[in-house]
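Data block for coords.cif (mmCIF, C-alpha atoms and all ligand atoms):
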```
data_query
#
loop_
_atom_site.label_atom_id
_atom_site.label_comp_id
_atom_site.auth_asym_id
_atom_site.auth_seq_id
_atom_site.Cartn_x
_atom_site.Cartn_y
_atom_site.Cartn_z
CA MET N 16 -18.66 17.79 -16.02
CA LYS N 17 -16.50 14.82 -15.03
CA THR N 18 -13.28 14.30 -16.94
CA ASN N 19 -12.52 10.99 -18.57
CA LEU N 20 -9.10 9.32 -18.65
CA LYS N 21 -8.41 10.47 -22.18
CA LYS N 22 -8.74 14.15 -21.32
CA LEU N 23 -6.99 13.71 -18.00
CA ALA N 24 -4.02 11.98 -19.65
CA ALA N 25 -3.75 14.69 -22.30
CA ASP N 26 -4.03 17.54 -19.79
CA LEU N 27 -1.54 16.10 -17.31
CA ASP N 28 0.86 14.62 -19.85
CA PHE N 29 0.37 10.97 -18.85
CA GLU N 30 1.23 8.51 -21.58
CA PRO N 31 -1.31 5.69 -22.12
CA LEU N 32 0.52 2.34 -22.34
CA SER N 33 -2.43 -0.04 -22.30
CA GLY N 34 -6.20 0.10 -22.64
CA ILE N 35 -6.33 2.83 -25.30
CA ASN N 36 -9.94 1.89 -26.07
CA LEU N 37 -10.91 2.18 -22.37
CA LEU N 38 -10.02 5.84 -21.89
CA ASP N 39 -13.64 6.93 -21.68
CA ARG N 40 -13.62 5.75 -18.04
CA ILE N 41 -14.36 8.46 -15.49
CA PRO N 42 -11.81 8.24 -12.66
CA GLN N 43 -12.99 8.61 -9.06
CA SER N 44 -10.24 10.07 -6.91
CA ALA N 45 -6.88 8.33 -6.50
CA TYR N 46 -4.84 6.20 -4.11
CA VAL N 47 -1.06 6.32 -3.69
CA SER N 48 0.71 3.18 -2.48
CA ASP N 49 3.44 0.73 -3.41
CA LEU N 50 2.00 -1.96 -1.13
CA LEU N 51 -0.32 -4.29 -3.00
CA SER N 52 -2.36 -5.58 -0.07
CA ASP N 53 -2.80 -2.02 1.17
CA VAL N 54 -4.37 -1.15 -2.20
CA ILE N 55 -6.51 -4.28 -2.07
CA GLY N 56 -7.74 -3.32 1.38
CA LYS N 57 -8.22 0.41 0.97
CA ALA N 58 -8.68 1.50 -2.65
CA GLN N 59 -12.21 1.93 -3.97
CA PRO N 60 -13.53 0.86 -7.40
CA GLY N 61 -13.01 3.52 -10.06
CA MET N 62 -9.96 5.03 -8.39
CA LEU N 63 -6.68 5.84 -10.08
CA TRP N 64 -3.70 4.06 -8.49
CA ILE N 65 -0.38 5.87 -8.35
CA THR N 66 2.56 3.49 -7.88
CA SER N 67 6.17 2.82 -8.77
CA GLN N 68 5.60 -0.96 -8.87
CA VAL N 69 5.79 -2.27 -12.43
CA HIS N 70 5.61 -6.05 -12.11
CA LYS N 71 2.81 -8.23 -13.42
CA ASN N 72 0.87 -8.51 -10.14
CA ILE N 73 -0.20 -4.83 -10.30
CA VAL N 74 -2.49 -5.82 -13.16
CA ALA N 75 -4.25 -8.40 -10.99
CA VAL N 76 -4.72 -5.85 -8.21
CA ALA N 77 -6.16 -3.21 -10.58
CA SER N 78 -8.49 -5.80 -12.09
CA LEU N 79 -9.61 -7.20 -8.70
CA LYS N 80 -10.40 -3.74 -7.39
CA GLU N 81 -11.87 -2.47 -10.68
CA LEU N 82 -9.60 0.56 -10.61
CA SER N 83 -9.95 3.00 -13.50
CA ALA N 84 -6.20 3.09 -14.22
CA ILE N 85 -2.71 2.50 -12.86
CA ILE N 86 -0.41 5.51 -13.06
CA ILE N 87 3.25 4.48 -13.12
CA VAL N 88 5.63 7.08 -11.74
CA ASN N 89 9.39 7.71 -11.75
CA GLU N 90 9.90 6.78 -15.41
CA ARG N 91 9.93 3.12 -14.42
CA GLN N 92 10.33 0.87 -17.45
CA ILE N 93 7.45 -1.54 -17.83
CA ASP N 94 7.88 -4.91 -19.58
CA ASP N 95 5.93 -5.63 -22.76
CA GLU N 96 4.63 -8.76 -21.07
CA VAL N 97 3.01 -6.68 -18.32
CA VAL N 98 1.48 -4.30 -20.86
CA LYS N 99 0.10 -7.25 -22.82
CA HIS N 100 -1.35 -8.77 -19.64
CA ALA N 101 -3.00 -5.41 -18.85
CA GLU N 102 -4.54 -5.31 -22.35
CA ASP N 103 -5.96 -8.81 -21.86
CA GLU N 104 -7.41 -7.93 -18.47
CA GLY N 105 -8.89 -4.57 -19.49
CA VAL N 106 -6.52 -2.63 -17.24
CA VAL N 107 -5.45 0.89 -18.24
CA ILE N 108 -1.82 1.80 -17.54
CA LEU N 109 -0.70 5.41 -17.82
CA ALA N 110 2.91 6.55 -17.45
CA SER N 111 3.62 9.76 -15.59
CA HIS N 112 7.02 11.31 -16.17
CA LEU N 113 7.10 12.76 -12.66
CA PRO N 114 7.73 11.20 -9.23
CA ALA N 115 4.81 10.12 -7.03
CA PHE N 116 4.57 13.35 -4.99
CA GLU N 117 4.38 15.64 -8.02
CA THR N 118 2.05 13.27 -9.86
CA ALA N 119 -0.34 13.07 -6.89
CA GLY N 120 -0.16 16.84 -6.35
CA LYS N 121 -1.03 17.66 -9.94
CA LEU N 122 -3.77 15.07 -9.95
CA TYR N 123 -5.23 16.31 -6.67
CA ILE N 124 -5.56 19.84 -7.99
CA TYR N 125 -6.84 18.64 -11.34
CA LEU N 126 -9.53 16.30 -10.00
CA ASN N 127 -10.78 18.80 -7.44
CA ARG N 128 -10.97 21.51 -10.08
CA ALA N 129 -12.70 19.32 -12.65
CA GLU N 130 -15.35 18.00 -10.26
CA MET B 30 -18.73 -28.61 -8.77
CA GLU B 31 -15.09 -29.07 -7.77
CA VAL B 32 -11.93 -27.65 -9.25
CA GLN B 33 -8.36 -27.56 -8.10
CA TYR B 34 -5.19 -25.75 -9.06
CA GLU B 35 -1.56 -26.05 -8.09
CA ILE B 36 0.35 -23.08 -6.74
CA ARG B 37 4.13 -22.85 -7.01
CA GLY B 38 6.02 -21.14 -4.22
CA GLY B 39 8.24 -18.28 -5.36
CA ASP B 40 6.66 -17.98 -8.81
CA PHE B 41 5.29 -14.43 -8.71
CA SER B 42 4.71 -14.25 -12.47
CA ALA B 43 2.09 -17.00 -12.14
CA ALA B 44 0.65 -15.68 -8.86
CA GLY B 45 -3.05 -15.03 -9.19
CA GLN B 46 -3.72 -17.55 -11.95
CA ALA B 47 -5.63 -20.02 -9.78
CA SER B 48 -7.83 -17.33 -8.25
CA SER B 49 -8.38 -15.76 -11.64
CA GLU B 50 -9.57 -19.12 -13.08
CA ILE B 51 -12.05 -19.54 -10.23
CA LYS B 52 -13.27 -15.96 -10.69
CA LYS B 53 -13.90 -16.64 -14.40
CA LEU B 54 -15.84 -19.75 -13.47
CA LEU B 55 -18.01 -17.87 -10.97
CA LYS B 56 -18.79 -15.17 -13.53
CA GLN B 57 -20.54 -17.83 -15.63
CA PHE B 58 -23.02 -18.42 -12.85
CA ASN B 59 -25.67 -15.97 -11.80
CA ILE B 60 -23.85 -14.70 -8.70
CA ASP B 61 -23.91 -11.12 -7.40
CA PRO B 62 -20.80 -9.40 -8.89
CA GLN B 63 -20.05 -7.86 -5.48
CA ILE B 64 -19.80 -11.35 -3.99
CA VAL B 65 -17.64 -12.57 -6.87
CA ARG B 66 -15.34 -9.62 -6.23
CA ARG B 67 -15.05 -10.47 -2.52
CA ILE B 68 -14.23 -14.10 -3.32
CA ALA B 69 -11.64 -13.11 -5.93
CA ILE B 70 -9.88 -10.78 -3.47
CA ALA B 71 -9.71 -13.42 -0.74
CA LEU B 72 -8.45 -16.10 -3.13
CA PHE B 73 -5.80 -13.80 -4.58
CA GLU B 74 -4.45 -12.98 -1.12
CA ALA B 75 -4.44 -16.67 -0.18
CA GLU B 76 -2.68 -17.63 -3.39
CA VAL B 77 -0.05 -14.91 -3.01
CA ASN B 78 0.64 -16.11 0.53
CA VAL B 79 1.55 -19.54 -0.79
CA VAL B 80 3.77 -17.98 -3.47
CA ALA B 81 5.41 -15.59 -0.99
CA HIS B 82 5.74 -17.79 2.08
CA ALA B 83 5.49 -21.50 1.14
CA TYR B 84 7.07 -24.01 -1.24
CA LYS B 85 4.02 -25.33 -3.02
CA GLY B 86 0.31 -25.60 -2.50
CA ILE B 87 -3.07 -26.57 -3.84
CA MET B 88 -6.21 -24.44 -4.10
CA LYS B 89 -9.41 -26.51 -4.09
CA ALA B 90 -12.78 -24.90 -4.68
CA ASP B 91 -16.14 -26.51 -4.15
CA ILE B 92 -18.92 -24.49 -5.74
CA ASP B 93 -22.42 -25.25 -4.53
CA THR B 94 -25.77 -23.63 -5.29
CA ASP B 95 -25.63 -21.36 -2.25
CA SER B 96 -21.94 -21.05 -1.38
CA ILE B 97 -18.33 -21.61 -2.32
CA ARG B 98 -15.84 -23.36 -0.06
CA VAL B 99 -12.17 -23.05 -0.81
CA THR B 100 -9.25 -24.83 0.81
CA VAL B 101 -5.69 -23.66 0.26
CA GLU B 102 -3.20 -26.13 1.61
CA ASP B 103 0.54 -25.79 1.35
CA GLU B 104 3.85 -27.35 2.21
CA GLY B 105 6.02 -24.71 3.78
CA PRO B 106 7.37 -23.23 6.98
CA GLY B 107 3.91 -22.95 8.51
CA ILE B 108 2.85 -20.28 11.00
CA GLU B 109 4.08 -20.28 14.62
CA ASP B 110 1.52 -17.86 16.01
CA ILE B 111 -1.76 -17.69 14.09
CA ASP B 112 -3.19 -14.79 16.16
CA LYS B 113 -0.12 -12.71 15.46
CA ALA B 114 -0.22 -13.55 11.75
CA MET B 115 -3.81 -12.29 11.63
CA GLU B 116 -2.80 -8.86 13.00
CA GLU B 117 -2.71 -5.99 10.51
CA GLY B 118 0.90 -5.10 9.77
CA PHE B 119 2.51 -8.34 10.92
CA SER B 120 4.72 -9.81 8.22
CA THR B 121 7.74 -12.06 7.93
CA ALA B 122 8.08 -11.41 4.17
CA SER B 123 11.64 -11.46 2.86
CA GLU B 124 13.33 -8.32 1.59
CA ALA B 125 12.94 -9.51 -2.03
CA VAL B 126 9.21 -10.04 -1.53
CA ARG B 127 8.86 -6.60 0.12
CA GLN B 128 10.60 -4.98 -2.85
CA MET B 129 7.68 -6.16 -4.96
CA GLY B 130 5.22 -4.43 -2.68
CA PHE B 131 4.13 -7.51 -0.77
CA GLY B 132 4.66 -7.78 2.98
CA ALA B 133 2.33 -5.08 4.26
CA GLY B 134 0.85 -7.68 6.61
CA MET B 135 -2.59 -6.96 5.20
CA GLY B 136 -3.31 -10.14 3.26
CA LEU B 137 -4.86 -12.25 6.02
CA PRO B 138 -6.88 -9.27 7.39
CA ASN B 139 -8.12 -8.63 3.83
CA ILE B 140 -9.20 -12.27 3.55
CA LYS B 141 -11.04 -12.08 6.87
CA LYS B 142 -12.93 -8.96 5.75
CA ASN B 143 -14.09 -10.58 2.52
CA VAL B 144 -15.23 -14.07 3.51
CA ASP B 145 -18.07 -15.32 5.70
CA GLU B 146 -15.98 -18.02 7.37
CA MET B 147 -12.25 -18.45 7.68
CA ILE B 148 -10.27 -21.16 9.46
CA LEU B 149 -6.50 -20.94 9.46
CA THR B 150 -4.47 -23.83 10.86
CA SER B 151 -0.83 -24.72 10.61
CA ILE B 152 1.78 -27.21 11.63
CA PRO B 153 4.98 -25.17 12.03
CA GLY B 154 7.77 -26.64 9.95
CA SER B 155 5.30 -28.55 7.81
CA GLY B 156 2.60 -26.38 6.25
CA THR B 157 -0.50 -24.23 6.43
CA CYS B 158 -4.16 -24.86 5.68
CA LEU B 159 -6.64 -22.07 5.05
CA LYS B 160 -10.34 -22.83 4.69
CA MET B 161 -12.76 -20.15 3.51
CA LYS B 162 -16.46 -20.05 2.83
CA VAL B 163 -18.54 -17.38 1.12
CA LEU B 164 -22.33 -17.50 0.85
CA PHE B 165 -23.94 -16.39 -2.43
N1 LIG W 201 0.80 -19.87 3.62
C1 LIG W 201 1.61 -19.37 4.56
N2 LIG W 201 2.71 -20.05 4.95
C2 LIG W 201 3.55 -19.57 5.90
N3 LIG W 201 3.35 -18.39 6.52
C3 LIG W 201 2.28 -17.67 6.18
C4 LIG W 201 1.36 -18.10 5.18
N4 LIG W 201 0.37 -17.18 5.07
C5 LIG W 201 0.68 -16.21 5.94
N5 LIG W 201 1.81 -16.49 6.61
C6 LIG W 201 2.44 -15.71 7.69
O1 LIG W 201 1.52 -14.73 8.15
C7 LIG W 201 2.07 -13.42 7.94
C8 LIG W 201 0.95 -12.44 7.63
O2 LIG W 201 0.32 -12.78 6.39
P1 LIG W 201 -0.38 -11.62 5.55
O3 LIG W 201 -0.90 -12.20 4.29
O4 LIG W 201 -1.36 -10.92 6.42
O5 LIG W 201 0.81 -10.59 5.26
P2 LIG W 201 2.04 -10.73 4.25
O6 LIG W 201 1.79 -11.85 3.31
O7 LIG W 201 3.28 -10.78 5.04
O8 LIG W 201 1.97 -9.33 3.50
P3 LIG W 201 0.83 -8.86 2.45
O9 LIG W 201 -0.21 -9.94 2.38
O10 LIG W 201 0.29 -7.60 3.01
O11 LIG W 201 1.55 -8.67 1.16
C9 LIG W 201 3.08 -13.59 6.84
O12 LIG W 201 4.08 -12.58 6.83
C10 LIG W 201 3.67 -14.96 7.21
O13 LIG W 201 4.55 -14.84 8.31
MG MG W 202 -0.05 -11.95 2.29
#
```
I'd like the structure from this file rewritten - as structure tokens, please.
Ligand SMILES: Nc1ncnc2c1ncn2[C@@H]1O[C@H](COP(=O)(O)OP(=O)(O)OP(=O)(O)O)[C@@H](O)[C@H]1O
Ligand SMILES: [Mg+2]
Amino acid sequence: MKTNLKKLAADLDFEPLSGINLLDRIPQSAYVSDLLSDVIGKAQPGMLWITSQVHKNIVAVASLKELSAIIIVNERQIDDEVVKHAEDEGVVILASHLPAFETAGKLYIYLNRAE
Amino acid sequence: MEVQYEIRGGDFSAAGQASSEIKKLLKQFNIDPQIVRRIAIALFEAEVNVVAHAYKGIMKADIDTDSIRVTVEDEGPGIEDIDKAMEEGFSTASEAVRQMGFGAGMGLPNIKKNVDEMILTSIPGSGTCLKMKVLF
């Protein structure tokens, strides 16, 4: 059975910041990058995107690529304005309390086990 | 049908608005969502390039029954070497722009991959003009 974002967030201790009503999405793998055009070029629809970027343009990238969620790492503070923009655009933002390496590692094990 | 939007150089909080408006417009027509996605990606990259590298610009879209043609023209430093600018990884983005995660040198290659026709011309010291066409 494939895990949805709601279960994944609960199991891995990711805090949903936007798109609470969209957590039934089933994530397909993940991509780690802080370079926006790299994500635009290489990420696939349905992927999770692990990043430490927190400015407004990440919402546009997630929306353009139809990513299942953005996972913010390193306890970066995210502005209310960005969260609101994500809500409007149907973009899920989850906050991880770990750095990118640990977040990706946990997620890698989790997704490969769940699938 | 023709629409046009202004793009302000340096204004990253508004970056993407013009391309997002055109995407919304296209969604109202009966166009393959895959094609709409390709157009939206190319327009976003083109818009961000004006914001990141130029002073101001205009995005003009001409939507026909079988294709969309978009011209993005800006006033800015222009591009000295177009072939080099088209290479993956080439970027002259400032440190501040790189901090935001732009400057991978992937924008123009991403545009090329997503459109059917692309013509990039520039007068160094004056501005840049990017013409794109996507068939429906
Ligand atoms: N409108 C423009 N005006 C002036 N220079 C431009 C413009 N568009 C692109 N360039 C030049 O071409 C280079 C490559 O552009 P490209 O979009 O591929 O990468 P980038 O914008 O630097 O980084 P990325 O798009 O990956 O965030 C830019 O760094 C810049 O030197
Ligand atoms: Mg670019």
Distance-based interface of chain N with chain B, 7 Å, counting all atoms listed in the file, as a JSON list (two decimals) with C-alpha atoms, keeping the file's coordinate frame:
```json
[["chain", "number", "residue", "atom", "x", "y", "z"],
["N", 49, "ASP", "CA", 3.44, 0.73, -3.41],
["N", 50, "LEU", "CA", 2.00, -1.96, -1.13],
["N", 51, "LEU", "CA", -0.32, -4.29, -3.00],
["N", 52, "SER", "CA", -2.36, -5.58, -0.07],
["N", 53, "ASP", "CA", -2.80, -2.02, 1.17],
["N", 56, "GLY", "CA", -7.74, -3.32, 1.38],
["N", 68, "GLN", "CA", 5.60, -0.96, -8.87],
["N", 71, "LYS", "CA", 2.81, -8.23, -13.42],
["N", 75, "ALA", "CA", -4.25, -8.40, -10.99],
["N", 79, "LEU", "CA", -9.61, -7.20, -8.70]]
```
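Here CA of Gln33 in chain B is placed at a distance of 22.1 Å from atom O9 of ligand LIG 201 (chain W).
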Quiz item: Residues at most 10 Å from Gly38 in chain B, counting all atoms listed in the file, excluding those fewer than 6 positions away in the same chain, as an MDAnalysis selection string?
Solution: chainID B and resid 44 76:86 103:105
Quiz item: What is the distance between CA of Arg37 in chain B and CA of Leu164 in chain B, in Å to one decimal?
Solution: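 Value for the CA of Arg37 in chain B-CA of Leu164 in chain B distance: 28.1 Å.
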Quiz item: With all atoms listed in the file as the basis for distance, which of N:Glu96, N:Ile55, N:Ser111, N:Arg91 is at the shortest distance from ligand LIG 201 (chain W)?
Solution: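 Checking each candidate against ligand LIG 201 (chain W), we get N:Ile55 as the closest.
When all atoms listed in the file are used to compute distances to ligand LIG 201 (chain W), the closest of the residues B:Asp40, B:Asp110, B:Asp93, B:Glu31 turns out to be B:Asp110.
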Self-check item: Near-range 26-32 of chain N list (9 Å; all atoms listed in the file; drop same-chain fewer than 6 positions) as an MDAnalysis selection string
Solution: chainID N and resid 38 86 98 107:112 118 121:122 125
Self-check item: Residue with smallest distance to ligand MG 202 (chain W) - pool B:Ile108, B:Ala75, B:Ile51, B:Cys158, counting all atoms listed in the file
Solution: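 Checking each candidate against ligand MG 202 (chain W), we get B:Ala75 as the closest.
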Exercise. Please measure the separation of atom O11 of ligand LIG 201 (chain W) and CA of Ser44 in chain N, giving the value in Å to one decimal.
Key: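 Those two atoms sit 23.6 Å apart.
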Quiz item: Which residue, B:Ala114, B:Ile152, B:Ala125, B:Ile60, has the smallest gap to ligand MG 202 (chain W) when you use only C-alpha atoms and all ligand atoms?
Solution: B:Ala114
Quiz item: From the set N:Glu90, N:Leu126, N:Leu20, N:Asn72, which residue has the shortest atom-to-atom contact distance to Glu104 in chain N, counting all atoms listed in the file?
Solution: N:Asn72
Quiz item: Out of N:Val97, N:Val74, N:Ala84, N:Ile124, which residue has the shortest atom-to-atom distance to Arg40 in chain N when counting all atoms listed in the file?
Solution: N:Ala84
